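Trainee: Following this message is one structure expressed as structure tokens.
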Amino acid sequence: MNPARRTHYLKALGITRWQNRTSVLEVDNKGATHPKDASAIESSPILGGSITFDQLALEAAACTRCALHKTRNRVVFGSGDVKANWLFVGEAPGREEDRSGEAFVGRAGQLLNSMLFALGLDREDVYIANVLKCRPPDNRDPGGEEVAACESFLHRQVEWVQPLMIMALGRFAAQSLLKTTESIGQLRGRMHHYEPFRIPLIVTYHPAYLLRSPLAKRKVWSDLLLARRSLIR
Ligand code: URA
């Protein structure tokens with residue numbers, strides 16, 4: 001891909017460039033991204049992956065693994081500091097995110113900003129991603145096949161960011177990252193780990209739920225404090 005076009009593309013996706021390595025992906029004349037050598041992607045080790053974060057974002061931008069690619073306007077890959085200590089994982093882009101290409105910019109995003117502020121953090125200090133990178137039509141729940149099709153992107157984002165703490169926001173993030181069917185009520189209030197890399201993980205309510213049930217804010221605050229205490233220790 002032409003470098004200027006690539007930069008424009010990444011900027012439009014809200015992605016910060018931070019690493020410059022030889023590309024192992026190529027984009028075909030339909031705009032789909034393919035590895036030049038499939039083994040390069042499969043052999044990506046922790047913190048030394050053969051593909052860069054940018055290349056992963058480009059792969060997501062061209063993804064057609066599930067039917068959501070037919071209805072999306074923008075792929076919402078994720079945003080923030082790719083070396084952050086904190087990784088916040090939500091469910092899926094909503095209408096605003098699908099329009100802008102950036103995660104958590106609607107009303108739930110404003111509440112997430114307040115949660116970050118309460119922790120003394122800005123959006124730029126953390127990395128924010130979703131289980132699904134494309135909006136389910138009418139904001140319906142993610143389907144099992146969609147989650148399965150998308151989960152390697154989230155897995156590889158975690159691999160790259162290597163956060164010290166993952167906050168799973170809501171049922172879909174919690175169940176997908178922890179590979180469980182337990183409810184938020186059962187999962188919150190204690191430490192878990194994202195097993196592939198043994199990264200500490202705390203489950204809490206999704207900001208969209210807090211907009212409907214403001215009384216749950218107290219529980220979310222206690223989950224955030226639990227996460228912060230565990231980080232400081
Ligand atoms: N809800 C989510 O889970 N993610 C977003 O990016 C926006 C709303």
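Residues in the structure tokens are named by chain (A, B, ... in the order shown) and by number from 1 within that chain; ligands are numbered from 1 in the order shown.
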What does the list of residues within 8 Å of ligand 1 look like if you count only C-alpha atoms and all ligand atoms, written as a PyMOL selection string?
Mentor: chain A and resi 76+89-94+96-97+102-109+129-131+169-170+206-208
Trainee: Given the selection you just returned, output its residues as a file containing N, CA, C and O atoms, formatted as a compact mmCIF listing (two decimals), in the first residue's frame.
Mentor:
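Result went into again-v5.txt, see below:
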```
# COMPACT_ATOMS: atom_id res chain seq x y z
N VAL A 76 -13.72 -0.68 14.28
CA VAL A 76 -13.26 0.03 15.48
C VAL A 76 -12.22 -0.87 16.16
O VAL A 76 -12.56 -1.76 16.95
N VAL A 89 -11.61 -3.45 28.22
CA VAL A 89 -12.23 -4.19 27.11
C VAL A 89 -13.75 -4.11 27.23
O VAL A 89 -14.33 -4.55 28.23
N GLY A 90 -14.38 -3.54 26.20
CA GLY A 90 -15.84 -3.44 26.16
C GLY A 90 -16.43 -4.53 25.27
O GLY A 90 -15.77 -5.52 24.94
N GLU A 91 -17.66 -4.28 24.85
CA GLU A 91 -18.40 -5.30 24.10
C GLU A 91 -18.22 -5.17 22.58
O GLU A 91 -17.60 -6.00 21.94
N ALA A 92 -18.76 -4.10 22.05
CA ALA A 92 -18.75 -3.90 20.60
C ALA A 92 -19.04 -2.43 20.31
O ALA A 92 -19.66 -1.75 21.13
N PRO A 93 -18.61 -1.95 19.15
CA PRO A 93 -18.91 -0.55 18.81
C PRO A 93 -20.42 -0.32 18.73
O PRO A 93 -21.17 -1.22 18.33
N GLY A 94 -20.84 0.87 19.13
CA GLY A 94 -22.23 1.29 18.95
C GLY A 94 -22.30 2.25 17.76
O GLY A 94 -21.34 2.33 16.96
N GLU A 96 -22.19 5.57 17.46
CA GLU A 96 -21.18 6.65 17.39
C GLU A 96 -19.81 6.10 17.01
O GLU A 96 -19.07 6.72 16.26
N GLU A 97 -19.50 4.94 17.59
CA GLU A 97 -18.18 4.35 17.33
C GLU A 97 -18.09 3.88 15.88
O GLU A 97 -17.05 4.04 15.23
N GLU A 102 -13.72 5.16 16.44
CA GLU A 102 -13.02 5.14 17.73
C GLU A 102 -13.89 4.50 18.81
O GLU A 102 -15.10 4.73 18.86
N ALA A 103 -13.25 3.69 19.68
CA ALA A 103 -14.00 2.97 20.71
C ALA A 103 -14.48 3.92 21.81
O ALA A 103 -13.81 4.89 22.16
N PHE A 104 -15.64 3.63 22.33
CA PHE A 104 -16.19 4.32 23.51
C PHE A 104 -16.17 5.86 23.36
O PHE A 104 -15.54 6.55 24.14
N VAL A 105 -16.86 6.35 22.35
CA VAL A 105 -16.97 7.81 22.21
C VAL A 105 -18.40 8.29 22.43
O VAL A 105 -18.65 9.48 22.50
N GLY A 106 -19.36 7.38 22.55
CA GLY A 106 -20.75 7.77 22.79
C GLY A 106 -21.00 8.02 24.27
O GLY A 106 -20.07 8.30 25.03
N ARG A 107 -22.25 7.87 24.70
CA ARG A 107 -22.59 8.16 26.10
C ARG A 107 -21.87 7.22 27.06
O ARG A 107 -21.38 7.63 28.11
N ALA A 108 -21.81 5.95 26.69
CA ALA A 108 -21.08 4.99 27.55
C ALA A 108 -19.61 5.38 27.63
O ALA A 108 -18.97 5.24 28.69
N GLY A 109 -19.08 5.91 26.53
CA GLY A 109 -17.69 6.34 26.51
C GLY A 109 -17.44 7.50 27.44
O GLY A 109 -16.39 7.59 28.09
N ALA A 129 -10.28 -1.31 24.02
CA ALA A 129 -10.64 -2.18 22.88
C ALA A 129 -11.98 -2.83 23.17
O ALA A 129 -12.54 -2.69 24.27
N ASN A 130 -12.49 -3.52 22.20
CA ASN A 130 -13.75 -4.23 22.34
C ASN A 130 -13.59 -5.69 21.93
O ASN A 130 -12.66 -6.03 21.19
N VAL A 131 -14.53 -6.51 22.38
CA VAL A 131 -14.53 -7.91 21.94
C VAL A 131 -14.77 -7.95 20.43
O VAL A 131 -14.03 -8.60 19.70
N LEU A 169 -15.22 -5.05 30.85
CA LEU A 169 -16.43 -4.24 31.07
C LEU A 169 -17.64 -4.99 30.54
O LEU A 169 -17.86 -5.07 29.33
N GLY A 170 -18.40 -5.57 31.45
CA GLY A 170 -19.64 -6.23 31.04
C GLY A 170 -19.47 -7.71 30.75
O GLY A 170 -18.37 -8.25 30.68
N HIS A 206 -20.60 -2.91 32.68
CA HIS A 206 -20.38 -2.10 31.49
C HIS A 206 -20.92 -0.69 31.74
O HIS A 206 -21.98 -0.53 32.36
N PRO A 207 -20.21 0.35 31.27
CA PRO A 207 -20.72 1.72 31.46
C PRO A 207 -22.15 1.90 30.95
O PRO A 207 -22.92 2.68 31.54
N ALA A 208 -22.52 1.21 29.87
CA ALA A 208 -23.90 1.35 29.36
C ALA A 208 -24.91 0.85 30.39
O ALA A 208 -26.02 1.39 30.51
```
Trainee: With DSSP run on the backbone, what are the strand (DSSP E or B) residues within stretch 29-161 of chain A? I'd like them as a VMD selection string.
Mentor: chain A and resid 33 to 35 79 to 80 86 to 90 127 to 130
Trainee: Which of these, A:Lys179, A:Arg72, A:Arg188, A:His155, has the shortest distance to A:Asp138 once you count only C-alpha atoms?
Mentor: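 For A:Asp138, the nearest of the given residues is A:Arg72.
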Trainee: Restricting the calculation to only C-alpha atoms, which member of A:Leu119, A:Leu87, A:Cys134, A:Leu56 is positioned closest to A:Asn73?
Mentor: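 The closest residue to A:Asn73 is A:Cys134.
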Trainee: Check the smallest atom-to-atom distance from each of A:Glu146, A:Tyr209, A:Leu68, A:Asn85 to A:Ile232 using only C-alpha atoms, then report the winner.
Mentor: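 So, comparing all the options, the nearest one is A:Asn85.
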Trainee: Within 12 Å of A:Gln157, counting only C-alpha atoms, which residues qualify if same-chain residues fewer than 6 places away don't, as a PyMOL selection string?
Mentor: chain A and resi 44+46-47+49+51-57+60+77-84+87-89+127-131+133+150-151+163+166+197
Trainee: To one decimal place in Å, what is the distance between atom CA of A:Asp223 and atom CA of A:Arg95?
Mentor: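 Between atom CA of A:Asp223 and atom CA of A:Arg95 the gap works out to 27.5 Å.
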Trainee: Which residues in stretch 115-152 of chain A does DSSP call alpha helix (DSSP H)? List them as a list in words.
Mentor: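 These are the residues in question: Met115, Leu116, Phe117, Ala118, Gly144, Glu145, Glu146, Val147, Ala148, Ala149, Cys150, Glu151 and Ser152 of chain A.
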Trainee: Okay, now the selection with N, CA and C atoms, as a PDB file, in the first residue's frame?
Mentor:
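result05.pdb was written with the following content:
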```pdb
ATOM      1  N   MET A 115     -14.863   7.312  34.680  1.00  0.00           N
ATOM      2  CA  MET A 115     -14.268   6.248  35.492  1.00  0.00           C
ATOM      3  C   MET A 115     -12.750   6.369  35.464  1.00  0.00           C
ATOM      4  N   LEU A 116     -12.219   6.665  34.289  1.00  0.00           N
ATOM      5  CA  LEU A 116     -10.759   6.821  34.169  1.00  0.00           C
ATOM      6  C   LEU A 116     -10.293   8.019  34.984  1.00  0.00           C
ATOM      7  N   PHE A 117     -11.046   9.112  34.866  1.00  0.00           N
ATOM      8  CA  PHE A 117     -10.700  10.338  35.583  1.00  0.00           C
ATOM      9  C   PHE A 117     -10.647  10.074  37.085  1.00  0.00           C
ATOM     10  N   ALA A 118     -11.618   9.288  37.560  1.00  0.00           N
ATOM     11  CA  ALA A 118     -11.662   8.971  38.995  1.00  0.00           C
ATOM     12  C   ALA A 118     -10.415   8.191  39.422  1.00  0.00           C
ATOM     13  N   GLY A 144     -22.354 -15.655  19.050  1.00  0.00           N
ATOM     14  CA  GLY A 144     -21.226 -16.541  19.365  1.00  0.00           C
ATOM     15  C   GLY A 144     -20.244 -16.675  18.209  1.00  0.00           C
ATOM     16  N   GLU A 145     -20.786 -16.751  16.986  1.00  0.00           N
ATOM     17  CA  GLU A 145     -19.894 -16.907  15.827  1.00  0.00           C
ATOM     18  C   GLU A 145     -19.092 -15.637  15.578  1.00  0.00           C
ATOM     19  N   GLU A 146     -19.728 -14.488  15.867  1.00  0.00           N
ATOM     20  CA  GLU A 146     -19.014 -13.213  15.684  1.00  0.00           C
ATOM     21  C   GLU A 146     -17.877 -13.096  16.693  1.00  0.00           C
ATOM     22  N   VAL A 147     -18.181 -13.482  17.943  1.00  0.00           N
ATOM     23  CA  VAL A 147     -17.138 -13.424  18.988  1.00  0.00           C
ATOM     24  C   VAL A 147     -15.983 -14.353  18.594  1.00  0.00           C
ATOM     25  N   ALA A 148     -16.334 -15.555  18.153  1.00  0.00           N
ATOM     26  CA  ALA A 148     -15.288 -16.527  17.788  1.00  0.00           C
ATOM     27  C   ALA A 148     -14.450 -16.008  16.612  1.00  0.00           C
ATOM     28  N   ALA A 149     -15.128 -15.364  15.646  1.00  0.00           N
ATOM     29  CA  ALA A 149     -14.400 -14.879  14.466  1.00  0.00           C
ATOM     30  C   ALA A 149     -13.448 -13.738  14.838  1.00  0.00           C
ATOM     31  N   CYS A 150     -13.817 -12.973  15.851  1.00  0.00           N
ATOM     32  CA  CYS A 150     -13.069 -11.741  16.183  1.00  0.00           C
ATOM     33  C   CYS A 150     -12.029 -11.956  17.273  1.00  0.00           C
ATOM     34  N   GLU A 151     -12.114 -13.062  18.020  1.00  0.00           N
ATOM     35  CA  GLU A 151     -11.345 -13.086  19.271  1.00  0.00           C
ATOM     36  C   GLU A 151      -9.834 -13.139  19.070  1.00  0.00           C
ATOM     37  N   SER A 152      -9.375 -13.567  17.917  1.00  0.00           N
ATOM     38  CA  SER A 152      -7.912 -13.571  17.763  1.00  0.00           C
ATOM     39  C   SER A 152      -7.376 -12.135  17.684  1.00  0.00           C
TER      40      SER A 152
END
```
Trainee: Give me, as a list in words, all polymer residues having an atom no more than 9 Å from A:Gly189, counting only C-alpha atoms and skipping those fewer than 4 positions away in the same chain.
Mentor: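 In the requested form, the answer reads Gly185, Ile202, Val203, Thr204, Lys219, Ser222, Asp223 and Leu226 of chain A.
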Trainee: Work out how far atom CA of A:Tyr194 is from atom CA of A:Phe172, in Å to one decimal.
Mentor: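 Going from atom CA of A:Phe172 over to atom CA of A:Tyr194 covers 14.2 Å.
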Trainee: If you measure from atom CA of A:Ser176 to atom CA of A:Ser100, what distance in Å do you get, rounded to one decimal?
Mentor: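 Those two atoms sit 24.9 Å apart.
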